[in-house]
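Dumped target-v8.csv below, it's CSV, C-alpha atoms:
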chain,number,residue,atom,x,y,z
A,138,ASN,CA,138.2,99.9,129.0
A,139,ALA,CA,134.7,98.4,128.6
A,140,GLY,CA,135.3,96.9,125.1
A,141,VAL,CA,132.0,96.1,123.4
A,142,THR,CA,128.8,96.6,125.4
A,143,GLN,CA,125.5,95.2,124.5
A,144,THR,CA,122.1,96.0,126.0
A,145,PRO,CA,119.9,94.5,127.1
A,146,LYS,CA,121.3,91.1,128.2
A,147,PHE,CA,117.9,89.4,128.2
A,148,GLN,CA,114.6,90.2,126.6
A,149,VAL,CA,111.3,88.5,126.1
A,150,LEU,CA,109.0,89.8,123.3
A,151,LYS,CA,105.6,88.9,122.1
A,152,THR,CA,105.1,88.2,118.4
A,153,GLY,CA,104.8,91.4,116.5
A,154,GLN,CA,106.4,93.6,119.0
A,155,SER,CA,109.4,95.7,118.1
A,156,MET,CA,112.7,96.4,119.9
A,157,THR,CA,116.2,97.7,119.4
A,158,LEU,CA,119.3,96.0,120.5
A,159,GLN,CA,122.1,98.5,121.4
A,160,CYS,CA,125.8,98.0,120.9
A,161,ALA,CA,128.6,100.4,121.7
A,162,GLN,CA,132.4,100.0,121.5
A,163,ASP,CA,135.0,102.3,123.0
A,164,MET,CA,138.0,101.0,121.0
A,165,ASN,CA,137.6,103.4,118.0
A,166,HIS,CA,137.1,100.5,115.6
A,167,ASN,CA,135.8,101.1,112.1
A,168,SER,CA,133.9,97.8,111.6
A,169,MET,CA,131.0,96.6,113.6
A,170,TYR,CA,128.8,93.5,113.2
A,171,TRP,CA,125.7,91.8,114.4
A,172,TYR,CA,125.5,88.0,114.6
A,173,ARG,CA,122.9,85.6,115.8
A,174,GLN,CA,123.8,82.3,117.4
A,175,ASP,CA,121.6,79.3,117.1
A,176,PRO,CA,122.4,75.7,118.3
A,177,GLY,CA,124.4,73.8,115.7
A,178,MET,CA,124.7,76.7,113.3
A,179,GLY,CA,127.5,78.8,114.8
A,180,LEU,CA,127.3,82.5,114.4
A,181,ARG,CA,125.6,83.9,111.4
A,182,LEU,CA,126.1,87.4,110.2
A,183,ILE,CA,123.0,89.5,110.1
A,184,TYR,CA,124.3,92.9,109.2
A,185,TYR,CA,127.7,94.7,109.3
A,186,SER,CA,129.0,98.2,109.0
A,187,ALA,CA,132.5,98.5,107.5
A,188,SER,CA,132.8,102.1,108.5
A,189,GLU,CA,130.7,104.9,110.0
A,190,GLY,CA,127.9,105.8,107.6
A,191,THR,CA,127.8,102.4,105.8
A,192,THR,CA,125.8,99.2,106.4
A,193,ASP,CA,125.5,96.0,104.5
A,194,LYS,CA,123.5,92.8,104.6
A,195,GLY,CA,125.0,89.6,105.9
A,196,GLU,CA,123.8,86.0,105.5
A,197,VAL,CA,120.5,86.4,107.4
A,198,PRO,CA,119.2,90.0,107.2
A,199,ASN,CA,115.5,89.4,106.7
A,200,GLY,CA,113.4,90.8,109.5
A,201,TYR,CA,116.1,93.1,110.8
A,202,ASN,CA,117.3,96.7,110.3
A,203,VAL,CA,120.5,98.4,111.5
A,204,SER,CA,121.7,101.9,112.2
A,205,ARG,CA,125.3,102.9,112.5
A,206,LEU,CA,124.6,106.0,114.6
A,207,ASN,CA,128.2,107.1,114.9
A,208,LYS,CA,131.6,105.3,115.1
A,209,ARG,CA,130.8,104.0,118.6
A,210,GLU,CA,127.3,102.7,118.2
A,211,PHE,CA,125.6,100.1,116.0
A,212,SER,CA,122.0,99.1,116.7
A,213,LEU,CA,119.9,96.3,115.5
A,214,ARG,CA,116.2,96.7,115.2
A,215,LEU,CA,113.4,94.1,115.0
A,216,GLU,CA,110.4,95.8,113.6
A,217,SER,CA,107.9,92.9,114.1
A,218,ALA,CA,109.4,90.1,116.1
A,219,ALA,CA,108.8,86.5,115.1
A,220,PRO,CA,109.4,83.3,117.1
A,221,SER,CA,112.1,82.4,114.5
A,222,GLN,CA,114.1,85.4,115.8
A,223,THR,CA,114.5,83.7,119.2
A,224,SER,CA,118.2,83.5,119.5
A,225,VAL,CA,121.3,84.9,121.1
A,226,TYR,CA,122.6,88.0,119.5
A,227,PHE,CA,126.2,89.1,119.5
A,228,CYS,CA,127.7,92.4,118.5
A,229,ALA,CA,131.3,92.6,117.5
A,230,SER,CA,133.8,95.2,116.4
A,231,ILE,CA,136.9,94.5,114.4
A,232,LEU,CA,140.3,96.1,114.7
A,233,ARG,CA,142.4,95.9,111.6
A,234,GLY,CA,145.9,97.3,112.2
A,235,PRO,CA,149.6,96.8,111.4
A,236,GLY,CA,149.8,94.3,114.3
A,237,GLY,CA,147.1,92.1,112.9
A,238,THR,CA,143.3,91.8,113.1
A,239,GLU,CA,141.1,90.9,115.9
A,240,ALA,CA,137.3,90.8,116.6
A,241,PHE,CA,136.0,91.7,120.0
A,242,PHE,CA,132.6,90.5,121.0
A,243,GLY,CA,130.0,91.7,123.5
A,244,GLN,CA,128.5,89.4,126.1
A,245,GLY,CA,125.4,88.7,124.0
A,246,THR,CA,121.6,89.4,124.2
A,247,ARG,CA,119.4,86.4,124.8
A,248,LEU,CA,116.1,87.2,123.0
A,249,THR,CA,113.0,85.0,123.3
A,250,VAL,CA,109.9,85.7,121.1
A,251,VAL,CA,106.7,84.1,122.3
B,190,ALA,CA,132.1,82.8,99.1
B,191,GLN,CA,134.0,81.9,102.2
B,192,SER,CA,132.8,79.2,104.4
B,193,VAL,CA,133.9,77.2,107.4
B,194,THR,CA,133.1,73.6,108.3
B,195,GLN,CA,133.7,72.0,111.7
B,196,PRO,CA,132.9,68.3,111.1
B,197,ASP,CA,132.5,67.3,114.8
B,198,ILE,CA,129.5,68.7,116.6
B,199,HIS,CA,130.4,67.1,119.9
B,200,ILE,CA,133.7,65.7,121.3
B,201,THR,CA,134.1,63.9,124.6
B,202,VAL,CA,137.6,63.7,126.1
B,203,SER,CA,139.0,62.5,129.4
B,204,GLU,CA,140.8,65.0,131.6
B,205,GLY,CA,144.5,64.9,130.8
B,206,ALA,CA,144.0,63.4,127.4
B,207,SER,CA,144.9,65.3,124.2
B,208,LEU,CA,142.3,67.2,122.2
B,209,GLU,CA,142.1,68.0,118.5
B,210,LEU,CA,139.3,70.0,116.9
B,211,ARG,CA,139.0,70.0,113.1
B,212,CYS,CA,138.3,73.0,111.0
B,213,ASN,CA,138.2,73.2,107.2
B,214,TYR,CA,137.7,76.4,105.3
B,215,SER,CA,136.8,77.5,101.8
B,216,TYR,CA,138.4,80.7,100.7
B,217,GLY,CA,140.0,81.9,97.5
B,218,ALA,CA,143.1,83.6,98.8
B,219,THR,CA,145.3,83.3,101.9
B,220,PRO,CA,142.8,83.5,104.7
B,221,TYR,CA,142.8,85.1,108.1
B,222,LEU,CA,141.9,82.3,110.5
B,223,PHE,CA,140.7,82.3,114.1
B,224,TRP,CA,139.7,80.0,116.9
B,225,TYR,CA,137.3,81.3,119.6
B,226,VAL,CA,136.0,79.6,122.8
B,227,GLN,CA,132.7,80.2,124.4
B,228,SER,CA,131.8,79.0,127.9
B,229,PRO,CA,128.2,78.5,128.8
B,230,GLY,CA,126.3,81.8,128.9
B,231,GLN,CA,129.3,83.8,127.9
B,232,GLY,CA,130.6,85.7,124.9
B,233,LEU,CA,133.4,84.6,122.6
B,234,GLN,CA,137.0,84.7,123.7
B,235,LEU,CA,139.8,84.6,121.1
B,236,LEU,CA,142.2,81.7,121.5
B,237,LEU,CA,144.5,82.3,118.6
B,238,LYS,CA,144.7,83.7,115.1
B,239,TYR,CA,146.7,83.1,111.9
B,240,PHE,CA,147.5,85.7,109.3
B,241,SER,CA,150.8,84.8,107.8
B,242,GLY,CA,154.2,83.4,108.6
B,243,ASP,CA,154.7,80.3,110.8
B,244,THR,CA,151.9,77.9,110.2
B,245,LEU,CA,152.0,76.6,113.8
B,246,VAL,CA,150.3,79.2,116.0
B,247,GLN,CA,150.4,79.3,119.7
B,248,GLY,CA,147.4,80.7,121.7
B,249,ILE,CA,146.2,81.2,125.2
B,250,LYS,CA,145.3,78.4,127.7
B,251,GLY,CA,147.9,76.0,126.1
B,252,PHE,CA,146.1,75.8,122.7
B,253,GLU,CA,147.9,75.7,119.4
B,254,ALA,CA,146.6,75.4,115.8
B,255,GLU,CA,148.3,74.4,112.5
B,256,PHE,CA,147.5,76.0,109.2
B,257,LYS,CA,147.7,73.6,106.3
B,258,ARG,CA,147.1,75.2,103.0
B,259,SER,CA,147.1,72.0,101.0
B,260,GLN,CA,144.3,70.6,103.2
B,261,SER,CA,142.5,73.9,103.7
B,262,SER,CA,142.5,73.1,107.4
B,263,PHE,CA,143.2,74.9,110.6
B,264,ASN,CA,142.9,72.3,113.4
B,265,LEU,CA,143.1,73.2,117.0
B,266,ARG,CA,145.0,71.1,119.5
B,267,LYS,CA,145.8,70.9,123.2
B,268,PRO,CA,148.2,68.2,124.6
B,269,SER,CA,146.5,67.8,127.9
B,270,VAL,CA,142.9,68.9,128.5
B,271,HIS,CA,141.7,70.4,131.8
B,272,TRP,CA,138.1,70.2,133.1
B,273,SER,CA,137.9,74.0,132.5
B,274,ASP,CA,138.3,73.4,128.8
B,275,ALA,CA,134.7,72.2,128.5
B,276,ALA,CA,133.1,74.7,126.3
B,277,GLU,CA,132.1,75.3,122.7
B,278,TYR,CA,134.8,76.1,120.2
B,279,PHE,CA,134.3,78.1,117.0
B,280,CYS,CA,136.6,78.3,114.0
B,281,ALA,CA,136.3,81.4,111.8
B,282,VAL,CA,137.7,82.8,108.6
B,283,ALA,CA,137.9,86.4,107.6
B,284,ASN,CA,138.2,88.3,104.4
B,285,PHE,CA,139.6,91.6,105.4
B,286,LYS,CA,140.8,92.5,101.9
B,287,ALA,CA,137.3,92.8,100.4
B,288,ALA,CA,134.9,95.5,101.3
B,289,GLY,CA,133.0,94.7,104.4
B,290,ASN,CA,135.6,92.7,106.4
B,291,LYS,CA,133.4,89.7,106.7
B,292,LEU,CA,134.1,87.2,109.5
B,293,THR,CA,132.5,83.8,108.9
B,294,PHE,CA,132.1,81.1,111.6
B,295,GLY,CA,131.8,77.4,111.6
B,296,GLY,CA,129.0,75.6,113.3
B,297,GLY,CA,131.0,75.0,116.5
B,298,THR,CA,132.3,71.9,118.4
B,299,ARG,CA,131.1,71.3,121.9
B,300,VAL,CA,133.7,69.7,124.1
B,301,LEU,CA,132.8,67.7,127.1
B,302,VAL,CA,135.6,66.8,129.6
B,303,LYS,CA,135.2,63.6,131.6
B,304,PRO,CA,136.9,63.3,135.0

Write-out of the structure in structure tokens:
Amino acid sequence: NAGVTQTPKFQVLKTGQSMTLQCAQDMNHNSMYWYRQDPGMGLRLIYYSASEGTTDKGEVPNGYNVSRLNKREFSLRLESAAPSQTSVYFCASILRGPGGTEAFFGQGTRLTVV
Amino acid sequence: AQSVTQPDIHITVSEGASLELRCNYSYGATPYLFWYVQSPGQGLQLLLKYFSGDTLVQGIKGFEAEFKRSQSSFNLRKPSVHWSDAAEYFCAVANFKAAGNKLTFGGGTRVLVKP
């Protein structure tokens, strides 16, 4: 059981380049999320997908787009990377069931934009 | 809108001493509350969670947290800290009743353990 898998783990981009961060979960969860983590600011929600076929903006969506390709996969795209997007990105999926609710996180993608 | 405040950015504690990390939340209804731990270069690991019932919640690694509605707090405690507890700790609140199931994090508290 892999849980939540993010690729790549590390990436360096030049300003203006584009890239897609991939996330997949094998737990059949409905809700998936993208966060960015910056020192002293905790994790801030970029976009989320409450269910397959739906996506919504979080706190800091500017400069990003997402695709919920199917129930397993939720990708984050940077169309034109900026140095302000240097961060660690985490994907998460949330299980909400009769036993409670829990969020499962990937290992993160460390992105540097130069 | 829901929000989480962790007032302490850094805490230094001696090995074997007790630890308490503060968390205050803002939320209109009964919240779902979580504590996560993140070791350097790693993802987030769930320590414990509160949804309802007993306000004192036991978690993994000897941690516990107490939900106090009157103070809008969910402080994390450990009676005796081990060197391996050095990490960053995040409190989070979730609104799983509204559309979107948002999970909001505090800014984190970095814990340093002195030998």

Write down, as an MDAnalysis selection string, each residue of chain A that has any atom within 9 Å of an atom of chain B, counting all atoms listed in the file.
chainID A and resid 168 170 176:182 185:188 192:193 195 227 231 233 237:245

Could you dump the residues just selected with C-alpha atoms as a PDB file, in the coordinates of the input?
ATOM      1  CA  SER A 168     133.900  97.800 111.600  1.00  0.00           C
ATOM      2  CA  TYR A 170     128.800  93.500 113.200  1.00  0.00           C
ATOM      3  CA  PRO A 176     122.400  75.700 118.300  1.00  0.00           C
ATOM      4  CA  GLY A 177     124.400  73.800 115.700  1.00  0.00           C
ATOM      5  CA  MET A 178     124.700  76.700 113.300  1.00  0.00           C
ATOM      6  CA  GLY A 179     127.500  78.800 114.800  1.00  0.00           C
ATOM      7  CA  LEU A 180     127.300  82.500 114.400  1.00  0.00           C
ATOM      8  CA  ARG A 181     125.600  83.900 111.400  1.00  0.00           C
ATOM      9  CA  LEU A 182     126.100  87.400 110.200  1.00  0.00           C
ATOM     10  CA  TYR A 185     127.700  94.700 109.300  1.00  0.00           C
ATOM     11  CA  SER A 186     129.000  98.200 109.000  1.00  0.00           C
ATOM     12  CA  ALA A 187     132.500  98.500 107.500  1.00  0.00           C
ATOM     13  CA  SER A 188     132.800 102.100 108.500  1.00  0.00           C
ATOM     14  CA  THR A 192     125.800  99.200 106.400  1.00  0.00           C
ATOM     15  CA  ASP A 193     125.500  96.000 104.500  1.00  0.00           C
ATOM     16  CA  GLY A 195     125.000  89.600 105.900  1.00  0.00           C
ATOM     17  CA  PHE A 227     126.200  89.100 119.500  1.00  0.00           C
ATOM     18  CA  ILE A 231     136.900  94.500 114.400  1.00  0.00           C
ATOM     19  CA  ARG A 233     142.400  95.900 111.600  1.00  0.00           C
ATOM     20  CA  GLY A 237     147.100  92.100 112.900  1.00  0.00           C
ATOM     21  CA  THR A 238     143.300  91.800 113.100  1.00  0.00           C
ATOM     22  CA  GLU A 239     141.100  90.900 115.900  1.00  0.00           C
ATOM     23  CA  ALA A 240     137.300  90.800 116.600  1.00  0.00           C
ATOM     24  CA  PHE A 241     136.000  91.700 120.000  1.00  0.00           C
ATOM     25  CA  PHE A 242     132.600  90.500 121.000  1.00  0.00           C
ATOM     26  CA  GLY A 243     130.000  91.700 123.500  1.00  0.00           C
ATOM     27  CA  GLN A 244     128.500  89.400 126.100  1.00  0.00           C
ATOM     28  CA  GLY A 245     125.400  88.700 124.000  1.00  0.00           C
TER      29      GLY A 245
END

Ref. answer, residues at most 12 Å from (119.8, 84.8, 127.1) with all atoms listed in the file, as an NGL selection string
(:A and (144-149 or 173-175 or 223-227 or 244-250)) or (:B and (229-232))

Could you check how far atom CA of B:Tyr214 sits from atom CA of B:Val246, in Å to one decimal?
16.8 Å

Name the closest residue to A:Thr152 among the candidates A:Gln222, A:Ser212, A:Asn207, A:Ser230; distances are taken between atoms, counting all atoms listed in the file.
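For A:Thr152, the nearest of the candidates is A:Gln222.
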
Distance atom CA of A:Leu232-atom CA of B:Gly248, one decimal place?
18.3 Å

Could you give me, as a PDB file with C-alpha atoms, in the coordinates of the input, the residues that sit within 7 Å of (143.6, 78.1, 121.3) in the file's coordinates, counting all atoms listed in the file?
ATOM      1  CA  TRP B 224     139.700  80.000 116.900  1.00  0.00           C
ATOM      2  CA  LEU B 236     142.200  81.700 121.500  1.00  0.00           C
ATOM      3  CA  LEU B 237     144.500  82.300 118.600  1.00  0.00           C
ATOM      4  CA  GLY B 248     147.400  80.700 121.700  1.00  0.00           C
ATOM      5  CA  ILE B 249     146.200  81.200 125.200  1.00  0.00           C
ATOM      6  CA  LYS B 250     145.300  78.400 127.700  1.00  0.00           C
ATOM      7  CA  GLY B 251     147.900  76.000 126.100  1.00  0.00           C
ATOM      8  CA  PHE B 252     146.100  75.800 122.700  1.00  0.00           C
ATOM      9  CA  GLU B 253     147.900  75.700 119.400  1.00  0.00           C
ATOM     10  CA  ALA B 254     146.600  75.400 115.800  1.00  0.00           C
ATOM     11  CA  LEU B 265     143.100  73.200 117.000  1.00  0.00           C
TER      12      LEU B 265
END

I'd like the interatomic distance between atom CA of A:Ser221 and atom CA of B:Gln227, to a tenth of an Å.
23.0 Å

Using only C-alpha atoms, which protein or nucleic acid residues come within 6 Å of B:Thr201? Drop anything in the same chain fewer than 2 positions from it, and give the result as a PyMOL selection string.
chain B and resi 300-302

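Nearest to A:Ile183 of all the residues A:Ala229, A:Val197, A:Leu213, A:Leu206 is A:Val197, based on only C-alpha atoms.
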
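Within 7 Å of stretch 154-163 of chain A, once all atoms listed in the file are used and residues closer than 2 positions along the same chain are dropped, the contacting residues are Ala139, Gly140, Val141, Thr142, Gln143, Thr144, Pro145, Leu150, Lys151, Thr152, Asn165, Arg209, Glu210, Phe211, Ser212, Leu213, Arg214, Leu215, Glu216, Ser217, Ala218 and Cys228 of chain A.
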
If you keep C-alpha atoms, can you produce a file of those selected residues as a short mmCIF file (atom, residue, chain, number, x, y, z; two decimals), in the coordinates of the input?
data_model
loop_
_atom_site.label_atom_id
_atom_site.label_comp_id
_atom_site.auth_asym_id
_atom_site.auth_seq_id
_atom_site.Cartn_x
_atom_site.Cartn_y
_atom_site.Cartn_z
CA ALA A 139 134.70 98.40 128.60
CA GLY A 140 135.30 96.90 125.10
CA VAL A 141 132.00 96.10 123.40
CA THR A 142 128.80 96.60 125.40
CA GLN A 143 125.50 95.20 124.50
CA THR A 144 122.10 96.00 126.00
CA PRO A 145 119.90 94.50 127.10
CA LEU A 150 109.00 89.80 123.30
CA LYS A 151 105.60 88.90 122.10
CA THR A 152 105.10 88.20 118.40
CA ASN A 165 137.60 103.40 118.00
CA ARG A 209 130.80 104.00 118.60
CA GLU A 210 127.30 102.70 118.20
CA PHE A 211 125.60 100.10 116.00
CA SER A 212 122.00 99.10 116.70
CA LEU A 213 119.90 96.30 115.50
CA ARG A 214 116.20 96.70 115.20
CA LEU A 215 113.40 94.10 115.00
CA GLU A 216 110.40 95.80 113.60
CA SER A 217 107.90 92.90 114.10
CA ALA A 218 109.40 90.10 116.10
CA CYS A 228 127.70 92.40 118.50
#

Which residues, written as a PyMOL selection string, have at least one atom at most 10 Å from B:Val202, with all atoms listed in the file counted and residues fewer than 6 positions away on the same chain left out?
chain B and resi 208-209+269-272+275+300-304
